[in-house]
2 protein chains.
Amino acid sequence: MKYCSINYKIQPEDKATISINERGFLFGDGVFETCRIVNKKIYDYSPHLERLKCGLKAIKIDFATSKIQKNVRDLIKINNFKNGIVRIYISRGSGSFGYSPKKDIKPLIVIQLKDLAICSQEPVNLWLSDITKISNKSLPVNFKIAQGLNSTLAKIDAQENNCFDSLLLNNFGEICETSSANIFWVKGGVLYTPHEKCGILLGTTRKRIINSSPIETREVQANLNDIFDAEEIFLSNVSIGVLSIKKILPKGISFKSTYYQELFQNLLST
Amino acid sequence: MKYCSINYKIQPEDKATISINERGFLFGDGVFETCRIVNKKIYDYSPHLERLKCGLKAIKIDFATSKIQKNVRDLIKINNFKNGIVRIYISRGSGSFGYSPKKDIKPLIVIQLKDLAICSQEPVNLWLSDITKISNKSLPVNFKIAQGLNSTLAKIDAQENNCFDSLLLNNFGEICETSSANIFWVKGGVLYTPHEKCGILLGTTRKRIINSSPIETREVQANLNDIFDAEEIFLSNVSIGVLSIKKILPKGISFKSTYYQELFQNLLST
């Protein structure tokens with residue numbers, strides 16, 4: 001039996017339920033984190049917690065995160081969970097007048113353990129989607145807000161076109177990220193990745209790559225033409241680590257190198 | 001006791017729960033309608049149903065809506081519900097690999113009755129928010145998708161500034177709507193409202209106003225300067241009907257007329 005936690009109460013997941021009036025359900029009104037569990041330990045907990053705090057502030061949920069870490073540890077223990085993902089989700093709570101939250105609303109904390117998707121290290125194809133990333137002027141997209149329909153539609157779009165994921169541009173045509181990963185490319189010995197102001201998720205794996213990069217690394221505002229002649233393009237997130245791109249479709253642009261995938265995969269695991 | 005319906009099963013609302021793995025909860029992955037109930041009857045059911053069908057198609061949920069109307073009628077009857085709102089919500093279902101829905105996923109249908117917010121016919125103040133409306137290139141915002149955080153933050157922004165609601169522009173600076181209502185203005189004897197392509201919700205009350213308007217009516221792409229010298233500005237949705245604007249803050253632009261509010265309020269109730 002698998003256990004999850006709701007408001008710090010550990011319980012069997014198949015029987016775990018929430019109210020239909022929970023704003024996470026009504027409106028996707030919440031923020032979450034997905035962290036790696038490696039050998040029963042939470043990997044990079046501090047940067048995840050920091051991002052969670054910033055996300056809560058950005059969407060104006062008043063919540064102290066102090067009790068989460070112990071709860072995750074207890075959950076790992078009771079599930080005897082060795083490797084995978086923990087999803088920590090803070091939903092605004094139950095009680096609304098239309099879109100207005102009730103004054104005394106109390107957040108709901110749901111913590112779940114998830115198996116890692118089986119993902120080979122074989123380079124994958126990206127679909128250049130017509131769907132644009134939601135602007136950071138509309139929502140605080142730098143954090144993992146529970147507004148997942150844009151990513152869901154982008155992912156479905158990729159699958160319908162037999163691709164691993166979709167590449168999303170912002171409303172200015174700048175490279176952002178995929179539905180669920182940050183993007184990097186190497187050109188002329190320099191590592192590039194979209195700047196925060198492009199409206200990207202501030203990925204913890206992205207941060208690790210930038211901090212550990214042995215070559216010059218630049219955060220930039222770039223468009224498609226800037227990446228089409230890259231030597232290598234790769235994705236990053238906590239689930240896949242680092243994964244190189246083979247082709248960008250429907251344009252058919254091909255990339256052959258997996259040198260930096262291997263380099264950063266090794267750097268991340270040390 | 002109040003009753004709601006989950007997958008057509010009518011049950012007490014205070015005990016009604018859903019799985020924590022429901023995608024509506026995880027990601028706001030669903031679409032809903034809010035219809036007026038007047039004298040125990042669903043008002044404008046056909047246009048609401050039509051919009052729901054288009055919304056389901058836009059977010060790629062395969063679901064036949066045929067059984068909803070009878071279920072709503074049964075719910076009205078068992079609750080002896082005379083006047084208010086019915087919220088019909090189709091969530092994509094339970095089962096995900098990250099953002100990808102499972103192949104055999106089955107939608108969840110939640111139907112709830114809500115009391116009308118008490119709202120006087122006194123004109124209200126609007127707050128000109130820095131938050132922009134989500135682009136229709138990022139999400140099918142013409143429909144009531146359960147991605148309510150943009151509206152929630154705009155509503156909180158309004159409340160923090162002692163206003164009834166926020167006025168939202170799109171990324172091009174065009175007038176869109178408020179967090180929960182369409183907007184109209186009258187200038188030189190012509191009624192104006194933002195065009196569908198501005199990325200507005202295709203409101204059923206908006207449609208009724210356009211269809212019943214006794215004066216020339218134009219759907220336009222307009223910016224703030226176009227409305228600042230209007231004779232009257234009013235909002236519309238199924239809950240408030242029609243409601244005039246007194247001031248747009250922080251600019252302090254004032255509007256005195258409530259002529260069209262009364263005119264259209266009367267036209268809607270006949």
# chains A, B, ... in the order shown; residues from 1 in each chain; ligands from 1
>>> interface_residues(of="chain A", to="chain B", cutoff="9 Å", atoms="only C-alpha atoms", output="ChimeraX atom specification")
/A:13-30,59-60,89,91,97-101,110,117,130-139,145-153,155-156,159,170-171,179-180
>>> write_last_selection(atoms="C-alpha atoms", output="mmCIF file, in the first residue's frame")
data_model
loop_
_atom_site.group_PDB
_atom_site.id
_atom_site.type_symbol
_atom_site.label_atom_id
_atom_site.label_comp_id
_atom_site.auth_asym_id
_atom_site.auth_seq_id
_atom_site.Cartn_x
_atom_site.Cartn_y
_atom_site.Cartn_z
ATOM 1 C CA GLU A 13 -3.214 7.186 -1.055
ATOM 2 C CA ASP A 14 -5.984 5.180 -2.726
ATOM 3 C CA LYS A 15 -8.411 6.393 -0.067
ATOM 4 C CA ALA A 16 -7.054 9.961 0.203
ATOM 5 C CA THR A 17 -9.625 12.529 -0.830
ATOM 6 C CA ILE A 18 -10.188 16.270 -0.722
ATOM 7 C CA SER A 19 -13.276 18.476 -0.700
ATOM 8 C CA ILE A 20 -14.840 19.394 -4.040
ATOM 9 C CA ASN A 21 -14.681 23.008 -2.808
ATOM 10 C CA GLU A 22 -10.896 22.992 -2.544
ATOM 11 C CA ARG A 23 -9.630 25.862 -4.707
ATOM 12 C CA GLY A 24 -6.852 23.693 -6.107
ATOM 13 C CA PHE A 25 -9.636 21.642 -7.677
ATOM 14 C CA LEU A 26 -11.959 24.500 -8.639
ATOM 15 C CA PHE A 27 -9.288 26.752 -10.168
ATOM 16 C CA GLY A 28 -5.834 25.125 -9.994
ATOM 17 C CA ASP A 29 -5.217 27.686 -7.278
ATOM 18 C CA GLY A 30 -1.994 26.511 -5.678
ATOM 19 C CA ILE A 59 0.315 33.954 -5.447
ATOM 20 C CA LYS A 60 -0.393 35.423 -1.989
ATOM 21 C CA TYR A 89 1.468 20.787 -3.198
ATOM 22 C CA SER A 91 -3.561 24.493 -2.469
ATOM 23 C CA PHE A 97 -17.092 33.652 -3.464
ATOM 24 C CA GLY A 98 -16.513 33.235 -7.180
ATOM 25 C CA TYR A 99 -12.779 33.779 -7.670
ATOM 26 C CA SER A 100 -12.407 35.516 -4.272
ATOM 27 C CA PRO A 101 -10.970 33.299 -1.569
ATOM 28 C CA VAL A 110 -0.770 17.372 -0.066
ATOM 29 C CA ALA A 117 9.106 7.849 -15.442
ATOM 30 C CA ASP A 130 1.963 26.797 -31.868
ATOM 31 C CA ILE A 131 1.041 27.066 -28.184
ATOM 32 C CA THR A 132 2.979 29.863 -26.501
ATOM 33 C CA LYS A 133 4.114 29.872 -22.899
ATOM 34 C CA ILE A 134 1.919 31.904 -20.509
ATOM 35 C CA SER A 135 3.398 35.376 -20.009
ATOM 36 C CA ASN A 136 5.007 36.293 -16.684
ATOM 37 C CA LYS A 137 2.823 39.409 -16.785
ATOM 38 C CA SER A 138 -0.261 37.161 -16.525
ATOM 39 C CA LEU A 139 0.978 34.654 -13.955
ATOM 40 C CA ILE A 145 1.934 27.086 -10.046
ATOM 41 C CA ALA A 146 -0.851 24.520 -10.449
ATOM 42 C CA GLN A 147 -1.969 26.066 -13.749
ATOM 43 C CA GLY A 148 -0.912 23.025 -15.737
ATOM 44 C CA LEU A 149 -3.248 23.198 -18.735
ATOM 45 C CA ASN A 150 -0.763 25.073 -20.935
ATOM 46 C CA SER A 151 1.853 22.363 -20.297
ATOM 47 C CA THR A 152 -0.748 19.596 -20.664
ATOM 48 C CA LEU A 153 -1.914 20.852 -24.072
ATOM 49 C CA LYS A 155 2.512 17.735 -24.073
ATOM 50 C CA ILE A 156 -0.545 16.315 -25.878
ATOM 51 C CA GLN A 159 2.507 13.201 -28.383
ATOM 52 C CA ASN A 170 6.918 33.153 -25.301
ATOM 53 C CA ASN A 171 4.661 35.837 -26.836
ATOM 54 C CA SER A 179 6.145 21.647 -21.203
ATOM 55 C CA SER A 180 8.172 20.299 -18.291
#
>>> residues_around(residues="His48 of chain A", least_positions_apart="3", cutoff="9 Å", atoms="only C-alpha atoms", output="JSON, numbers by chain")
{"A": [33, 34, 35, 44, 45, 51, 52, 53, 203, 204]}
>>> residues_around(residues="segment 183-192 of chain B", least_positions_apart="2", cutoff="7 Å", atoms="only C-alpha atoms", output="ChimeraX atom specification")
/B:177,181,194,215-220,227,230-236
>>> write_last_selection(atoms="N, CA and C atoms", output="PDB file, in the first residue's frame")
ATOM      1  N   GLU B 177     -11.383  42.421 -20.253  1.00  0.00           N
ATOM      2  CA  GLU B 177     -12.525  42.134 -19.382  1.00  0.00           C
ATOM      3  C   GLU B 177     -12.046  42.299 -17.949  1.00  0.00           C
ATOM      4  N   ALA B 181     -16.017  39.267 -15.447  1.00  0.00           N
ATOM      5  CA  ALA B 181     -17.123  39.859 -16.215  1.00  0.00           C
ATOM      6  C   ALA B 181     -16.621  40.431 -17.535  1.00  0.00           C
ATOM      7  N   PRO B 194     -15.117  44.492 -26.319  1.00  0.00           N
ATOM      8  CA  PRO B 194     -13.944  43.872 -26.952  1.00  0.00           C
ATOM      9  C   PRO B 194     -14.314  42.681 -27.852  1.00  0.00           C
ATOM     10  N   ILE B 215     -29.230  49.875 -29.802  1.00  0.00           N
ATOM     11  CA  ILE B 215     -28.356  50.840 -30.489  1.00  0.00           C
ATOM     12  C   ILE B 215     -27.265  50.086 -31.246  1.00  0.00           C
ATOM     13  N   GLU B 216     -26.613  50.809 -32.130  1.00  0.00           N
ATOM     14  CA  GLU B 216     -25.549  50.179 -32.915  1.00  0.00           C
ATOM     15  C   GLU B 216     -24.505  49.580 -31.970  1.00  0.00           C
ATOM     16  N   THR B 217     -24.046  48.359 -32.264  1.00  0.00           N
ATOM     17  CA  THR B 217     -23.124  47.657 -31.364  1.00  0.00           C
ATOM     18  C   THR B 217     -21.933  47.143 -32.159  1.00  0.00           C
ATOM     19  N   ARG B 218     -20.742  47.440 -31.639  1.00  0.00           N
ATOM     20  CA  ARG B 218     -19.521  47.033 -32.368  1.00  0.00           C
ATOM     21  C   ARG B 218     -18.584  46.233 -31.462  1.00  0.00           C
ATOM     22  N   GLU B 219     -18.086  45.126 -31.975  1.00  0.00           N
ATOM     23  CA  GLU B 219     -17.052  44.353 -31.280  1.00  0.00           C
ATOM     24  C   GLU B 219     -15.707  44.830 -31.824  1.00  0.00           C
ATOM     25  N   VAL B 220     -14.872  45.365 -30.935  1.00  0.00           N
ATOM     26  CA  VAL B 220     -13.677  46.075 -31.395  1.00  0.00           C
ATOM     27  C   VAL B 220     -12.416  45.675 -30.614  1.00  0.00           C
ATOM     28  N   ILE B 227     -11.662  54.174 -24.010  1.00  0.00           N
ATOM     29  CA  ILE B 227     -12.789  54.087 -23.072  1.00  0.00           C
ATOM     30  C   ILE B 227     -12.806  55.228 -22.051  1.00  0.00           C
ATOM     31  N   ALA B 230     -15.628  57.592 -22.478  1.00  0.00           N
ATOM     32  CA  ALA B 230     -16.945  56.971 -22.700  1.00  0.00           C
ATOM     33  C   ALA B 230     -18.009  57.671 -21.845  1.00  0.00           C
ATOM     34  N   GLU B 231     -19.257  57.574 -22.301  1.00  0.00           N
ATOM     35  CA  GLU B 231     -20.362  58.145 -21.511  1.00  0.00           C
ATOM     36  C   GLU B 231     -20.735  57.211 -20.361  1.00  0.00           C
ATOM     37  N   GLU B 232     -20.645  55.909 -20.649  1.00  0.00           N
ATOM     38  CA  GLU B 232     -20.976  54.925 -19.613  1.00  0.00           C
ATOM     39  C   GLU B 232     -20.178  53.660 -19.869  1.00  0.00           C
ATOM     40  N   ILE B 233     -19.762  53.025 -18.795  1.00  0.00           N
ATOM     41  CA  ILE B 233     -19.086  51.722 -18.906  1.00  0.00           C
ATOM     42  C   ILE B 233     -19.847  50.756 -18.008  1.00  0.00           C
ATOM     43  N   PHE B 234     -20.080  49.552 -18.502  1.00  0.00           N
ATOM     44  CA  PHE B 234     -20.717  48.572 -17.613  1.00  0.00           C
ATOM     45  C   PHE B 234     -20.148  47.182 -17.811  1.00  0.00           C
ATOM     46  N   LEU B 235     -20.321  46.364 -16.775  1.00  0.00           N
ATOM     47  CA  LEU B 235     -19.878  44.973 -16.785  1.00  0.00           C
ATOM     48  C   LEU B 235     -21.071  44.055 -17.000  1.00  0.00           C
ATOM     49  N   SER B 236     -20.794  42.825 -17.417  1.00  0.00           N
ATOM     50  CA  SER B 236     -21.876  41.839 -17.516  1.00  0.00           C
ATOM     51  C   SER B 236     -21.372  40.448 -17.193  1.00  0.00           C
TER      52      SER B 236
END
>>> atom_distance(atom1="atom CA of Gly84 of chain A", atom2="atom CA of Ser213 of chain A")
25.1 Å
>>> atom_distance(atom1="atom CA of Arg92 of chain B", atom2="atom CA of Tyr3 of chain A")
23.6 Å
>>> closest_residue(among="B:Lys251, B:Lys57, B:Lys9, B:Lys246", to="Glu122 of chain B", atoms="only C-alpha atoms")
B:Lys246
>>> select_by_dssp(residues="segment 26-196 of chain B", states="strand (DSSP E or B)", output="JSON, numbers by chain")
{"B": [30, 31, 32, 33, 34, 35, 36, 37, 38, 41, 42, 84, 85, 86, 87, 88, 89, 90, 91, 94, 96, 97, 100, 101, 108, 109, 110, 111, 112, 113, 114, 124, 125, 126, 127, 128, 145, 165, 166, 167, 168, 169, 174, 175, 176, 177, 178, 182, 183, 184, 185, 186, 187, 190, 191, 192, 193, 194]}
>>> select_by_dssp(residues="segment 17-253 of chain A", states="alpha helix (DSSP H)", output="ChimeraX atom specification")
/A:23-27,45-58,68-79,149-160,204-212,224-228
>>> write_last_selection(atoms="C-alpha atoms", output="PDB file, in the first residue's frame")
ATOM      1  CA  ARG A  23      -9.630  25.862  -4.707  1.00  0.00           C
ATOM      2  CA  GLY A  24      -6.852  23.693  -6.107  1.00  0.00           C
ATOM      3  CA  PHE A  25      -9.636  21.642  -7.677  1.00  0.00           C
ATOM      4  CA  LEU A  26     -11.959  24.500  -8.639  1.00  0.00           C
ATOM      5  CA  PHE A  27      -9.288  26.752 -10.168  1.00  0.00           C
ATOM      6  CA  TYR A  45      15.680  20.408  -0.672  1.00  0.00           C
ATOM      7  CA  SER A  46      16.868  23.961   0.097  1.00  0.00           C
ATOM      8  CA  PRO A  47      16.494  25.442  -3.409  1.00  0.00           C
ATOM      9  CA  HIS A  48      13.111  23.682  -3.791  1.00  0.00           C
ATOM     10  CA  LEU A  49      11.928  25.093  -0.474  1.00  0.00           C
ATOM     11  CA  GLU A  50      13.192  28.550  -1.421  1.00  0.00           C
ATOM     12  CA  ARG A  51      11.317  28.426  -4.742  1.00  0.00           C
ATOM     13  CA  LEU A  52       8.180  27.172  -2.984  1.00  0.00           C
ATOM     14  CA  LYS A  53       8.333  30.107  -0.563  1.00  0.00           C
ATOM     15  CA  CYS A  54       8.721  32.577  -3.439  1.00  0.00           C
ATOM     16  CA  GLY A  55       5.845  30.933  -5.314  1.00  0.00           C
ATOM     17  CA  LEU A  56       3.574  31.105  -2.260  1.00  0.00           C
ATOM     18  CA  LYS A  57       4.412  34.782  -1.871  1.00  0.00           C
ATOM     19  CA  ALA A  58       3.806  35.453  -5.568  1.00  0.00           C
ATOM     20  CA  ILE A  68       7.210  19.923   5.386  1.00  0.00           C
ATOM     21  CA  GLN A  69      10.693  18.377   5.509  1.00  0.00           C
ATOM     22  CA  LYS A  70       9.998  16.172   8.516  1.00  0.00           C
ATOM     23  CA  ASN A  71       6.707  15.072   6.968  1.00  0.00           C
ATOM     24  CA  VAL A  72       8.424  14.113   3.707  1.00  0.00           C
ATOM     25  CA  ARG A  73      11.024  12.127   5.659  1.00  0.00           C
ATOM     26  CA  ASP A  74       8.291  10.277   7.570  1.00  0.00           C
ATOM     27  CA  LEU A  75       6.499   9.564   4.292  1.00  0.00           C
ATOM     28  CA  ILE A  76       9.668   8.189   2.691  1.00  0.00           C
ATOM     29  CA  LYS A  77      10.198   5.959   5.727  1.00  0.00           C
ATOM     30  CA  ILE A  78       6.683   4.534   5.949  1.00  0.00           C
ATOM     31  CA  ASN A  79       6.683   3.860   2.176  1.00  0.00           C
ATOM     32  CA  LEU A 149      -3.248  23.198 -18.735  1.00  0.00           C
ATOM     33  CA  ASN A 150      -0.763  25.073 -20.935  1.00  0.00           C
ATOM     34  CA  SER A 151       1.853  22.363 -20.297  1.00  0.00           C
ATOM     35  CA  THR A 152      -0.748  19.596 -20.664  1.00  0.00           C
ATOM     36  CA  LEU A 153      -1.914  20.852 -24.072  1.00  0.00           C
ATOM     37  CA  ALA A 154       1.707  21.294 -25.177  1.00  0.00           C
ATOM     38  CA  LYS A 155       2.512  17.735 -24.073  1.00  0.00           C
ATOM     39  CA  ILE A 156      -0.545  16.315 -25.878  1.00  0.00           C
ATOM     40  CA  ASP A 157       0.469  18.316 -28.982  1.00  0.00           C
ATOM     41  CA  ALA A 158       3.925  16.704 -28.845  1.00  0.00           C
ATOM     42  CA  GLN A 159       2.507  13.201 -28.383  1.00  0.00           C
ATOM     43  CA  GLU A 160       0.112  13.634 -31.310  1.00  0.00           C
ATOM     44  CA  THR A 204      16.636  23.624  -9.733  1.00  0.00           C
ATOM     45  CA  THR A 205      18.448  21.339 -12.202  1.00  0.00           C
ATOM     46  CA  ARG A 206      18.890  24.368 -14.492  1.00  0.00           C
ATOM     47  CA  LYS A 207      20.515  26.197 -11.582  1.00  0.00           C
ATOM     48  CA  ARG A 208      22.849  23.269 -10.842  1.00  0.00           C
ATOM     49  CA  ILE A 209      23.927  23.112 -14.486  1.00  0.00           C
ATOM     50  CA  ILE A 210      24.670  26.847 -14.571  1.00  0.00           C
ATOM     51  CA  ASN A 211      26.612  26.643 -11.309  1.00  0.00           C
ATOM     52  CA  SER A 212      28.630  23.571 -12.296  1.00  0.00           C
ATOM     53  CA  LEU A 224      14.628  30.062 -32.908  1.00  0.00           C
ATOM     54  CA  ASN A 225      17.319  31.197 -35.360  1.00  0.00           C
ATOM     55  CA  ASP A 226      19.777  31.362 -32.473  1.00  0.00           C
ATOM     56  CA  ILE A 227      19.413  27.665 -31.685  1.00  0.00           C
ATOM     57  CA  PHE A 228      19.015  26.121 -35.137  1.00  0.00           C
TER      58      PHE A 228
END
>>> atom_distance(atom1="atom CA of Val124 of chain B", atom2="atom CA of Ile85 of chain B")
21.9 Å
>>> closest_residue(among="A:Ser166, A:Ser257, A:Asn142, A:Asn83", to="Lys40 of chain A", atoms="only C-alpha atoms")
A:Asn83
